[in-house]
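**Q** My file is protein-v8.txt. It has compact mmCIF, C-alpha atoms and all ligand atoms:
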# COMPACT_ATOMS: atom_id res chain seq x y z
CA MET E 1 -56.48 -4.14 -3.32
CA ARG E 2 -53.12 -5.95 -3.23
CA ALA E 3 -52.30 -7.58 0.13
CA PHE E 4 -49.32 -6.21 2.00
CA PRO E 5 -46.32 -8.43 1.21
CA ALA E 6 -45.16 -10.92 3.84
CA ALA E 7 -41.63 -11.89 4.89
CA PHE E 8 -39.96 -14.65 6.93
CA GLY E 9 -43.12 -16.79 7.14
CA LEU E 10 -44.96 -14.05 9.05
CA THR E 11 -48.45 -13.03 8.00
CA SER E 12 -49.06 -10.02 5.82
CA GLY E 13 -50.56 -8.23 8.86
CA GLN E 14 -47.51 -8.98 11.03
CA THR E 15 -45.13 -7.77 8.32
CA GLU E 16 -47.17 -4.60 7.87
CA GLN E 17 -47.00 -3.88 11.60
CA ILE E 18 -43.20 -4.41 11.56
CA ILE E 19 -42.77 -1.90 8.74
CA ARG E 20 -45.15 0.53 10.45
CA LEU E 21 -42.98 0.41 13.59
CA ALA E 22 -39.80 0.86 11.54
CA GLY E 23 -41.35 4.00 10.05
CA MET E 24 -41.87 5.52 13.50
CA ALA E 25 -38.17 6.42 13.64
CA PRO E 26 -37.11 10.07 13.87
CA SER E 27 -35.94 11.90 10.75
CA LEU E 28 -34.81 15.41 9.89
CA HIS E 29 -37.99 17.56 9.58
CA ASN E 30 -39.98 14.29 9.62
CA SER E 31 -38.91 13.70 6.02
CA GLN E 32 -39.10 9.89 6.52
CA PRO E 33 -36.40 9.20 3.91
CA TRP E 34 -36.76 5.40 3.90
CA ARG E 35 -38.43 2.73 1.84
CA PHE E 36 -38.60 -1.03 2.30
CA ARG E 37 -38.57 -3.82 -0.23
CA ILE E 38 -40.17 -6.94 1.14
CA LEU E 39 -39.35 -10.35 -0.27
CA PRO E 40 -40.23 -13.74 1.27
CA GLN E 41 -36.74 -14.18 2.83
CA LEU E 42 -35.39 -10.67 2.82
CA ILE E 43 -36.28 -7.10 3.79
CA GLU E 44 -34.24 -4.37 2.11
CA LEU E 45 -33.95 -0.90 3.54
CA HIS E 46 -33.59 1.79 0.89
CA ALA E 47 -32.88 5.50 1.02
CA ASP E 48 -35.63 7.51 -0.64
CA PRO E 49 -33.69 10.08 -2.71
CA LYS E 50 -36.87 12.09 -3.28
CA ARG E 51 -36.82 12.91 0.44
CA HIS E 52 -33.26 14.17 0.48
CA LEU E 53 -32.73 17.66 2.02
CA PRO E 54 -29.95 19.15 -0.13
CA VAL E 55 -29.28 22.30 1.90
CA ALA E 56 -29.34 21.03 5.50
CA ASP E 57 -27.93 17.63 4.61
CA PRO E 58 -26.00 17.83 1.31
CA GLU E 59 -24.09 14.58 1.86
CA ASP E 60 -27.09 12.57 3.11
CA ARG E 61 -25.43 12.00 6.47
CA GLU E 62 -28.65 12.67 8.37
CA LEU E 63 -30.71 10.80 5.79
CA ARG E 64 -28.65 7.67 6.54
CA LEU E 65 -28.80 8.39 10.26
CA ALA E 66 -32.61 8.44 10.11
CA CYS E 67 -32.59 5.22 8.06
CA GLY E 68 -30.29 3.65 10.68
CA ALA E 69 -32.87 4.56 13.33
CA ALA E 70 -35.61 2.92 11.21
CA LEU E 71 -33.37 -0.15 10.88
CA PHE E 72 -33.07 -0.36 14.65
CA ASN E 73 -36.87 -0.29 15.03
CA LEU E 74 -37.08 -2.97 12.32
CA ARG E 75 -34.62 -5.16 14.23
CA LEU E 76 -36.62 -4.80 17.46
CA ALA E 77 -39.94 -5.49 15.76
CA LEU E 78 -38.60 -8.60 14.00
CA GLU E 79 -37.20 -9.95 17.27
CA GLN E 80 -40.53 -9.34 18.95
CA ALA E 81 -42.15 -11.39 16.16
CA GLY E 82 -39.66 -14.23 16.88
CA ILE E 83 -37.28 -13.61 13.96
CA ARG E 84 -33.58 -13.03 14.69
CA PRO E 85 -32.51 -10.27 12.28
CA VAL E 86 -29.19 -10.68 10.49
CA VAL E 87 -28.21 -7.31 9.06
CA THR E 88 -25.80 -6.50 6.23
CA LEU E 89 -25.09 -2.80 5.93
CA LEU E 90 -24.42 -1.39 2.45
CA PRO E 91 -24.38 -4.77 0.69
CA HIS E 92 -22.19 -5.08 -2.40
CA LEU E 93 -23.87 -5.62 -5.74
CA ALA E 94 -27.07 -4.03 -4.53
CA ALA E 95 -29.05 -1.12 -5.92
CA ALA E 96 -27.55 2.32 -5.34
CA THR E 97 -30.30 3.15 -2.83
CA THR E 98 -29.87 -0.02 -0.74
CA LEU E 99 -28.66 0.79 2.76
CA ALA E 100 -29.19 -2.57 4.43
CA GLU E 101 -30.42 -6.09 3.89
CA VAL E 102 -32.10 -7.95 6.72
CA ARG E 103 -32.37 -11.74 6.66
CA GLY E 104 -33.91 -14.15 9.14
CA GLY E 105 -31.32 -15.92 11.31
CA GLY E 106 -33.56 -18.38 13.14
CA GLN E 107 -35.59 -18.06 16.29
CA ALA E 108 -35.13 -14.83 18.30
CA HIS E 109 -35.19 -14.60 22.08
CA GLN E 110 -35.71 -10.94 22.84
CA ARG E 111 -33.77 -9.72 25.88
CA PRO E 112 -35.79 -7.78 28.49
CA VAL E 113 -33.73 -4.66 27.69
CA ASP E 114 -34.72 -4.94 24.02
CA LEU E 115 -38.35 -5.63 24.88
CA ARG E 116 -38.39 -2.36 26.85
CA CYS E 117 -36.98 -0.56 23.80
CA TYR E 118 -39.56 -2.25 21.57
CA GLU E 119 -42.38 -1.12 23.85
CA ALA E 120 -41.04 2.44 23.75
CA ILE E 121 -41.18 2.73 19.92
CA THR E 122 -44.72 4.13 19.90
CA GLU E 123 -44.08 6.33 22.96
CA ARG E 124 -40.92 8.08 21.71
CA HIS E 125 -41.22 11.42 20.06
CA SER E 126 -39.38 14.74 19.88
CA HIS E 127 -40.10 16.85 22.92
CA ARG E 128 -39.68 20.51 21.97
CA GLN E 129 -41.33 21.76 25.15
CA PRO E 130 -39.35 22.93 28.21
CA PHE E 131 -38.27 20.19 30.61
CA ARG E 132 -38.88 20.21 34.33
CA ASN E 133 -35.88 21.34 36.35
CA ILE E 134 -35.22 17.82 37.67
CA PRO E 135 -31.77 16.31 36.97
CA VAL E 136 -31.39 13.07 35.04
CA SER E 137 -30.15 10.47 37.52
CA THR E 138 -26.66 8.98 37.37
CA GLU E 139 -28.23 5.56 36.80
CA ASP E 140 -30.13 6.85 33.77
CA ARG E 141 -26.98 8.51 32.40
CA HIS E 142 -25.17 5.17 32.63
CA LEU E 143 -28.01 3.39 30.86
CA LEU E 144 -27.84 5.93 28.03
CA MET E 145 -24.07 5.56 27.69
CA ARG E 146 -24.41 1.78 27.64
CA ALA E 147 -27.14 2.01 24.97
CA ALA E 148 -24.82 4.00 22.67
CA HIS E 149 -21.94 1.59 23.32
CA GLU E 150 -24.03 -1.40 22.47
CA GLU E 151 -24.47 -0.03 18.94
CA GLN E 152 -20.76 0.74 18.41
CA ALA E 153 -21.14 4.41 19.26
CA TRP E 154 -19.96 6.58 22.11
CA LEU E 155 -21.85 9.12 24.19
CA HIS E 156 -20.17 12.25 25.45
CA VAL E 157 -22.08 13.69 28.40
CA VAL E 158 -21.52 17.44 28.23
CA GLN E 159 -20.06 18.73 31.50
CA PRO E 160 -21.20 22.04 33.04
CA GLY E 161 -17.80 23.59 32.26
CA GLU E 162 -18.33 22.83 28.53
CA HIS E 163 -21.80 24.42 28.30
CA GLY E 164 -20.59 27.93 27.40
CA THR E 165 -18.43 26.80 24.47
CA LEU E 166 -21.07 24.44 23.14
CA GLU E 167 -23.78 27.07 23.44
CA GLY E 168 -21.60 29.44 21.40
CA LEU E 169 -21.15 26.80 18.68
CA VAL E 170 -24.88 26.06 18.50
CA HIS E 171 -25.68 29.78 18.20
CA ARG E 172 -23.09 30.20 15.46
CA ALA E 173 -24.41 27.24 13.50
CA HIS E 174 -27.97 28.48 13.83
CA ARG E 175 -27.05 31.99 12.66
CA ALA E 176 -25.13 30.58 9.68
CA GLN E 177 -28.10 28.46 8.60
CA MET E 178 -30.67 31.19 9.04
CA ALA E 179 -28.53 33.60 7.02
CA ASP E 180 -28.87 31.25 4.04
CA PRO E 181 -32.14 31.85 2.14
CA ARG E 182 -31.92 28.35 0.63
CA PHE E 183 -31.92 26.84 4.13
CA ARG E 184 -34.93 28.92 5.18
CA THR E 185 -36.86 27.94 2.04
CA GLU E 186 -36.06 24.25 2.47
CA MET E 187 -37.11 24.21 6.12
CA ALA E 188 -40.27 26.24 5.44
CA ALA E 189 -41.43 23.50 3.06
CA TRP E 190 -41.49 20.94 5.93
CA ILE E 191 -42.86 22.89 8.90
CA GLY E 192 -46.03 24.69 9.94
CA ARG E 193 -48.17 21.75 8.79
CA ALA E 194 -51.74 20.99 9.88
CA ASP E 195 -52.33 17.99 12.16
CA ASP E 196 -53.57 15.83 9.28
CA THR E 197 -50.22 16.07 7.50
CA THR E 198 -48.45 12.79 6.81
CA GLU E 199 -44.92 14.22 6.68
CA GLY E 200 -43.12 17.30 7.95
CA VAL E 201 -43.61 18.80 11.40
CA PRO E 202 -47.14 19.86 12.41
CA VAL E 203 -47.58 23.11 14.35
CA SER E 204 -48.91 21.08 17.30
CA ALA E 205 -45.47 19.41 17.70
CA ALA E 206 -43.48 22.62 17.18
CA GLY E 207 -42.98 23.58 20.82
CA PRO E 208 -42.81 27.21 21.93
CA LYS E 209 -41.51 29.82 19.52
CA PRO E 210 -37.82 30.21 20.44
CA GLU E 211 -36.61 33.54 21.83
CA PRO E 212 -33.07 34.94 21.63
CA LYS E 213 -32.52 34.33 25.38
CA ASP E 214 -33.11 30.56 24.97
CA GLN E 215 -29.87 28.63 25.41
CA TRP E 216 -30.43 25.45 23.43
CA VAL E 217 -33.60 25.53 21.38
CA HIS E 218 -33.29 27.93 18.45
CA ARG E 219 -34.90 26.20 15.50
CA ASP E 220 -38.39 27.63 15.05
CA PHE E 221 -40.91 25.01 13.92
CA THR E 222 -43.96 27.22 14.57
CA ALA E 223 -43.78 28.94 11.14
CA GLY E 224 -45.41 31.95 12.79
CA HIS E 225 -48.63 30.02 13.55
CA THR E 226 -48.41 30.15 17.36
CA GLU E 227 -47.27 32.67 19.93
CA ARG E 228 -45.27 31.70 22.97
CA ALA E 229 -47.38 31.56 26.14
CA PRO E 230 -46.27 34.27 28.59
CA GLY E 231 -43.92 32.95 31.28
CA THR E 232 -42.71 29.98 29.19
CA GLU E 233 -39.09 29.35 30.18
CA PHE E 234 -36.81 26.58 29.03
CA GLU E 235 -34.98 24.53 31.66
CA THR E 236 -31.63 25.88 32.78
CA HIS E 237 -29.75 22.57 32.97
CA PRO E 238 -30.89 19.89 30.54
CA LEU E 239 -28.73 16.81 30.19
CA LEU E 240 -26.82 17.42 26.96
CA VAL E 241 -25.21 14.50 25.17
CA VAL E 242 -23.23 14.22 21.95
CA LEU E 243 -23.56 10.91 20.16
CA CYS E 244 -20.31 10.08 18.35
CA THR E 245 -18.87 7.35 16.17
CA ARG E 246 -15.25 6.42 15.71
CA HIS E 247 -15.43 6.49 11.92
CA ASN E 248 -16.79 8.96 9.44
CA SER E 249 -18.29 6.84 6.67
CA ARG E 250 -21.64 5.88 5.15
CA GLU E 251 -21.62 2.72 7.25
CA ALA E 252 -20.91 4.74 10.38
CA ASP E 253 -23.90 6.97 9.54
CA LEU E 254 -26.11 3.89 9.70
CA GLN E 255 -24.48 2.71 12.93
CA ALA E 256 -25.00 6.16 14.43
CA GLY E 257 -28.69 5.98 13.52
CA GLN E 258 -29.09 2.62 15.24
CA ALA E 259 -27.28 3.99 18.29
CA LEU E 260 -29.42 7.14 18.28
CA GLN E 261 -32.56 5.05 18.32
CA ARG E 262 -31.37 2.66 21.04
CA LEU E 263 -30.37 5.67 23.10
CA TRP E 264 -33.66 7.52 22.54
CA LEU E 265 -35.83 4.43 23.19
CA THR E 266 -33.83 3.67 26.35
CA ALA E 267 -34.45 7.24 27.51
CA THR E 268 -38.16 6.89 26.70
CA ALA E 269 -38.38 3.59 28.60
CA GLN E 270 -36.85 5.37 31.61
CA GLY E 271 -39.57 8.06 31.43
CA LEU E 272 -37.25 10.66 29.90
CA PHE E 273 -37.88 12.98 26.94
CA ALA E 274 -35.47 14.26 24.32
CA SER E 275 -35.10 16.55 21.36
CA MET E 276 -32.31 17.04 18.87
CA ILE E 277 -30.24 20.17 18.31
CA SER E 278 -28.79 19.44 14.88
CA GLU E 279 -27.50 22.73 13.57
CA VAL E 280 -24.13 22.23 15.26
CA VAL E 281 -23.45 18.94 13.41
CA GLU E 282 -24.99 20.12 10.12
CA VAL E 283 -22.72 23.13 9.60
CA PRO E 284 -19.29 21.70 8.64
CA GLU E 285 -17.25 24.38 10.49
CA THR E 286 -19.05 23.93 13.82
CA ARG E 287 -19.07 20.14 13.43
CA GLU E 288 -15.29 20.21 12.97
CA GLU E 289 -14.88 22.51 15.94
CA LEU E 290 -17.03 20.23 18.08
CA GLN E 291 -14.93 17.30 16.90
CA ARG E 292 -11.77 19.11 18.04
CA LEU E 293 -13.35 19.87 21.42
CA LEU E 294 -14.08 16.15 21.80
CA GLY E 295 -10.42 15.28 21.25
CA GLY E 296 -10.40 14.90 17.48
CA ASN E 297 -10.72 11.10 17.31
CA VAL E 298 -14.48 10.77 17.02
CA THR E 299 -17.13 12.13 14.68
CA PRO E 300 -20.00 13.95 16.41
CA ARG E 301 -23.33 12.77 14.97
CA ALA E 302 -26.08 14.25 17.08
CA LEU E 303 -26.56 16.63 19.98
CA LEU E 304 -29.57 15.93 22.17
CA ARG E 305 -31.14 17.60 25.16
CA ILE E 306 -32.69 15.09 27.54
CA GLY E 307 -34.82 15.62 30.61
CA HIS E 308 -38.06 15.09 32.46
CA GLY E 309 -41.26 16.47 31.01
CA ALA E 310 -44.90 15.79 30.26
CA PRO E 311 -45.97 13.93 27.12
CA SER E 312 -46.24 16.23 24.11
CA VAL E 313 -47.69 15.81 20.63
CA ALA E 314 -46.30 13.22 18.20
CA SER E 315 -45.76 13.91 14.50
CA PRO E 316 -47.76 11.73 12.08
CA ARG E 317 -46.29 9.38 9.50
CA ARG E 318 -47.06 8.82 5.84
CA ASP E 319 -49.16 5.98 4.53
CA ILE E 320 -47.45 2.64 4.92
CA GLY E 321 -47.98 1.74 1.26
CA ASP E 322 -45.93 4.78 0.32
CA MET E 323 -42.96 3.32 2.26
CA LEU E 324 -42.69 0.29 -0.01
CA VAL E 325 -40.45 -0.24 -3.02
CA ASN E 326 -42.79 -2.16 -5.24
CA GLY E 327 -40.39 -3.82 -7.59
CA ALA E 328 -36.76 -4.35 -8.41
CA ALA E 329 -36.86 -1.84 -11.27
CA GLU E 330 -37.97 0.92 -8.92
CA ALA E 331 -35.21 0.11 -6.44
CA PHE E 332 -32.61 0.85 -9.07
CA GLU E 333 -33.99 4.32 -9.76
CA THR E 334 -31.85 6.96 -8.03
C1 LIG E 401 -30.95 13.61 11.76
C2 LIG E 401 -32.04 14.28 12.53
C3 LIG E 401 -31.94 15.65 12.83
C4 LIG E 401 -32.93 16.28 13.57
N1 LIG E 401 -32.78 17.60 13.93
C5 LIG E 401 -33.68 18.19 14.74
C6 LIG E 401 -33.49 19.52 15.23
O1 LIG E 401 -32.47 20.16 14.99
N2 LIG E 401 -34.46 20.07 16.02
C7 LIG E 401 -35.59 19.37 16.38
O2 LIG E 401 -36.40 19.88 17.12
N3 LIG E 401 -35.79 18.10 15.91
C8 LIG E 401 -34.86 17.51 15.13
N4 LIG E 401 -35.05 16.21 14.71
C9 LIG E 401 -36.27 15.52 15.08
C10 LIG E 401 -37.25 15.43 13.92
O3 LIG E 401 -37.79 16.70 13.63
C11 LIG E 401 -38.34 14.43 14.31
O4 LIG E 401 -37.74 13.17 14.49
C12 LIG E 401 -39.44 14.29 13.28
O5 LIG E 401 -40.15 15.50 13.18
C13 LIG E 401 -40.41 13.17 13.65
O6 LIG E 401 -40.98 13.43 14.90
P1 LIG E 401 -40.79 12.48 16.16
O7 LIG E 401 -39.33 12.48 16.55
O8 LIG E 401 -41.65 13.13 17.21
O9 LIG E 401 -41.24 11.11 15.80
C14 LIG E 401 -34.08 15.56 13.98
C15 LIG E 401 -34.17 14.19 13.67
C16 LIG E 401 -33.15 13.56 12.97
C17 LIG E 401 -33.25 12.08 12.73
Go ahead and express the file in the form of structure tokens.

**A**
Amino acid sequence: MRAFPAAFGLTSGQTEQIIRLAGMAPSLHNSQPWRFRILPQLIELHADPKRHLPVADPEDRELRLACGAALFNLRLALEQAGIRPVVTLLPHLAAATTLAEVRGGGQAHQRPVDLRCYEAITERHSHRQPFRNIPVSTEDRHLLMRAAHEEQAWLHVVQPGEHGTLEGLVHRAHRAQMADPRFRTEMAAWIGRADDTTEGVPVSAAGPKPEPKDQWVHRDFTAGHTERAPGTEFETHPLLVVLCTRHNSREADLQAGQALQRLWLTATAQGLFASMISEVVEVPETREELQRLLGGNVTPRALLRIGHGAPSVASPRRDIGDMLVNGAAEAFET
């Protein structure tokens, strides 16, 4: 068996662990649309076009967002191993699939705030269960806003007076997607999986089957495999945040992904749980309307509900060998 490749003078085992942690990032339907090319002095992050979701994400915006989140984990894991990552997004003269190049920039000194994020990588997961009716503290809200800022993004905390309009937009987006048979077929291919799946969302992580009365959680990941336990009610007032970037570009998609992951890991480190409500940013009409509601100058990237809960089930990841680009020739395949 070929040894796992090594980078930056680290051992093969250390490099493998770094890539494993990068691959623990969130992705639409757990599609894990990333691959890594490991060279002695360079790690390349590639999009995996075979994992593209053409109906939900025709322009690959969310694919790049997920890859940005993986890049953030990669940065944290390299720093923890003592390597200061120097990142070039969308390098010129690179293969069409290359999203970022990471080089070693000398000795890293990980800040305590980044160490806490690093330690949260294996704890973070999507929490599709109801939250407890406990408000998120002002201090935690500030930490989340600062986390987004630090990665060149901006966090809009949804105010109670905005809930009604946003709820209407989310419902509209959900109805539009579910009315499209191509969307339903695409999603069905990734959900309702058994626990030993290596991609897609297993039934155990699906959360309760949504009901029409639910305000925020509409996407049904149960695929009809589980019934909702009687008396299950979603929280009435989750913290709702919209992650935004100033620009609307491929580079900004990657920045948004890094910001999403810093935000989500910060929440996890504070003992909070989160799940994404993506329909509203996937459907172009509702995304544009949300953009107008936010003043028109920013691009909304992700809507999240955040709150207190109890640990729920994580979704598995594919084999680490499958995340590698084995040679230059393969990297140029699109
Ligand atoms: C761009 C993007 C969109 C997502 N949209 C949703 C969503 O609408 N609903 C949801 O429950 N989870 C959503 N997720 C979460 C993924 O389903 C989740 O990250 C994936 O299944 C892996 O599980 P984990 O987050 O527990 O590691 C999204 C994730 C990303 C990165």

**Q** With 8 Å as the cut-off and only C-alpha atoms and all ligand atoms counted, what is the closest atom pair between each nearby residue of chain E and ligand LIG 401 (chain E)? Distances in Å to one decimal, ordered by chain and number, as a Markdown table.

**A**
| residue | atom | partner | partner_atom | distance |
| --- | --- | --- | --- | --- |
| E:Met24 | CA | E:LIG401 | O9 | 6.1 |
| E:Ala25 | CA | E:LIG401 | O9 | 6.0 |
| E:Pro26 | CA | E:LIG401 | O4 | 3.2 |
| E:Ser27 | CA | E:LIG401 | C17 | 3.3 |
| E:Leu28 | CA | E:LIG401 | C16 | 4.0 |
| E:His29 | CA | E:LIG401 | O3 | 4.1 |
| E:Asn30 | CA | E:LIG401 | C12 | 3.7 |
| E:Ser31 | CA | E:LIG401 | C12 | 7.3 |
| E:Gln32 | CA | E:LIG401 | C13 | 8.0 |
| E:Arg61 | CA | E:LIG401 | C1 | 7.8 |
| E:Glu62 | CA | E:LIG401 | C1 | 4.2 |
| E:Leu63 | CA | E:LIG401 | C1 | 6.6 |
| E:Leu65 | CA | E:LIG401 | C1 | 5.8 |
| E:Ala66 | CA | E:LIG401 | C17 | 4.5 |
| E:Ala69 | CA | E:LIG401 | C17 | 7.6 |
| E:Arg124 | CA | E:LIG401 | O9 | 6.6 |
| E:His125 | CA | E:LIG401 | O8 | 3.4 |
| E:Ser126 | CA | E:LIG401 | O8 | 3.9 |
| E:His127 | CA | E:LIG401 | O8 | 7.0 |
| E:Arg128 | CA | E:LIG401 | O2 | 5.9 |
| E:Gly200 | CA | E:LIG401 | O5 | 6.3 |
| E:Val201 | CA | E:LIG401 | O5 | 5.1 |
| E:Ala205 | CA | E:LIG401 | O8 | 7.4 |
| E:Ala206 | CA | E:LIG401 | O2 | 7.6 |
| E:Val217 | CA | E:LIG401 | O2 | 7.6 |
| E:Arg219 | CA | E:LIG401 | N2 | 6.2 |
| E:Phe221 | CA | E:LIG401 | O2 | 7.5 |
| E:Gly257 | CA | E:LIG401 | C17 | 7.7 |
| E:Ser275 | CA | E:LIG401 | O2 | 5.5 |
| E:Met276 | CA | E:LIG401 | C5 | 4.5 |
| E:Ile277 | CA | E:LIG401 | O1 | 4.0 |
| E:Ser278 | CA | E:LIG401 | O1 | 3.8 |
| E:Glu279 | CA | E:LIG401 | O1 | 5.8 |
| E:Ala302 | CA | E:LIG401 | C1 | 7.2 |
| E:Val313 | CA | E:LIG401 | O8 | 7.4 |
| E:Ala314 | CA | E:LIG401 | O8 | 4.8 |
| E:Ser315 | CA | E:LIG401 | O6 | 4.8 |
| E:Pro316 | CA | E:LIG401 | O9 | 7.5 |

**Q** Can you find the residues with an atom no farther than 7 Å from (-31.0, 15.5, 23.8), counting all atoms listed in the file, and report them as a ChimeraX atom specification?

**A** /E:239-241,274-276,303-306

**Q** Might you pull out every residue within 10 Å of segment 171-181 of chain E, with all atoms listed in the file counted and same-chain residues fewer than 5 positions away left off, and present them as a list in words?

**A**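 Neighbouring residues, sequence-local ones excluded: Val55, Ala56, Leu166, Glu186, Met187, Pro212, Gln215, Trp216, Val217, His218, Arg219, Ile277, Ser278, Glu279, Val280, Val281, Glu282, Val283, Pro284, Glu285, Thr286 and Arg287 of chain E.
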
**Q** One number please: atom CA of Leu45 of chain E to atom CA of His247 of chain E, in Å, one decimal.

**A**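 Separation of atom CA of Leu45 of chain E and atom CA of His247 of chain E: 21.6 Å.
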
**Q** Using all atoms listed in the file, find the one residue out of E:Thr165, E:Gln291, E:Thr222, E:Asn248 that sits nearest to Arg193 of chain E.

**A**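 Looking only at the distances to Arg193 of chain E, the closest residue turns out to be E:Thr222.
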
**Q** Just checking: using only C-alpha atoms, which residue out of E:Arg141, E:Arg317, E:Arg292, E:His308 ends up closest to Leu263 of chain E?

**A**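 Among E:Arg141, E:Arg317, E:Arg292, E:His308, it is E:Arg141 that comes nearest to Leu263 of chain E.
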
**Q** Work out how far apart atom CA of Glu44 of chain E and atom CA of Asp322 of chain E are and give it in Å to one decimal.

**A**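 That distance, rounded to one decimal, is 15.0 Å.
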
**Q** I need the residue nearest Cys67 of chain E from this list: E:Asn133, E:Gln270, E:Thr236, E:Gln258. Use only C-alpha atoms for the distance.

**A** E:Gln258

**Q** Just to confirm, what's the straight-line distance from atom CA of Gly321 of chain E to atom CA of His52 of chain E in Å (one decimal)?

**A**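 Straight-line distance from atom CA of Gly321 of chain E to atom CA of His52 of chain E works out to 19.3 Å.
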
**Q** Restricting the calculation to only C-alpha atoms, which member of E:Val87, E:Glu139, E:Trp154, E:Pro202 is positioned closest to Asn297 of chain E?

**A**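 Ranked by minimum distance to Asn297 of chain E, first place goes to E:Trp154.
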
**Q** Between E:Pro49, E:Pro5, E:Gly104, E:Pro91, single out the one closest to Arg75 of chain E, counting all atoms listed in the file.

**A**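 Looking at the shortest contact to Arg75 of chain E, the residue is E:Gly104.
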
**Q** Looking at E:Gly13, E:Pro135, E:Pro230, E:Pro300, which one is nearest to Cys244 of chain E, with distances taken over all atoms listed in the file?

**A**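 The answer is E:Pro300, which sits nearest to Cys244 of chain E.
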
**Q** Sorted by chain and rising residue number, which residues of segment 108-153 of chain E lie within 9 Å of segment 70-73 of chain E, and what are their closest atom pairs and distances in Å to one decimal, counting only C-alpha atoms, as CSV?

**A**
residue,atom,partner,partner_atom,distance
E:Cys117,CA,E:Asn73,CA,8.8
E:Tyr118,CA,E:Asn73,CA,7.3
E:Ile121,CA,E:Asn73,CA,7.2

**Q** Could you give me, as a ChimeraX atom specification, the residues that have an atom at most 6 Å away from the point (-22.3, 10.5, 25.3) in the coordinates of the file, using all atoms listed in the file?

**A** /E:145,154-157,241-243

**Q** What's the 8 Å shell around Pro208 of chain E, counting all atoms listed in the file, without same-chain residues fewer than 4 positions away, as a list in words?

**A**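 Those residues are Arg128, Gln129, Thr222, Thr226, Glu227, Arg228, Ala229 and Thr232 of chain E.
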
**Q** Using C-alpha atoms, can you export the residues from the last selection as a PDB file, in the frame of the given file?

**A**
ATOM      1  CA  ARG E 128     -39.680  20.510  21.970  1.00  0.00           C
ATOM      2  CA  GLN E 129     -41.330  21.760  25.150  1.00  0.00           C
ATOM      3  CA  THR E 222     -43.960  27.220  14.570  1.00  0.00           C
ATOM      4  CA  THR E 226     -48.410  30.150  17.360  1.00  0.00           C
ATOM      5  CA  GLU E 227     -47.270  32.670  19.930  1.00  0.00           C
ATOM      6  CA  ARG E 228     -45.270  31.700  22.970  1.00  0.00           C
ATOM      7  CA  ALA E 229     -47.380  31.560  26.140  1.00  0.00           C
ATOM      8  CA  THR E 232     -42.710  29.980  29.190  1.00  0.00           C
TER       9      THR E 232
END
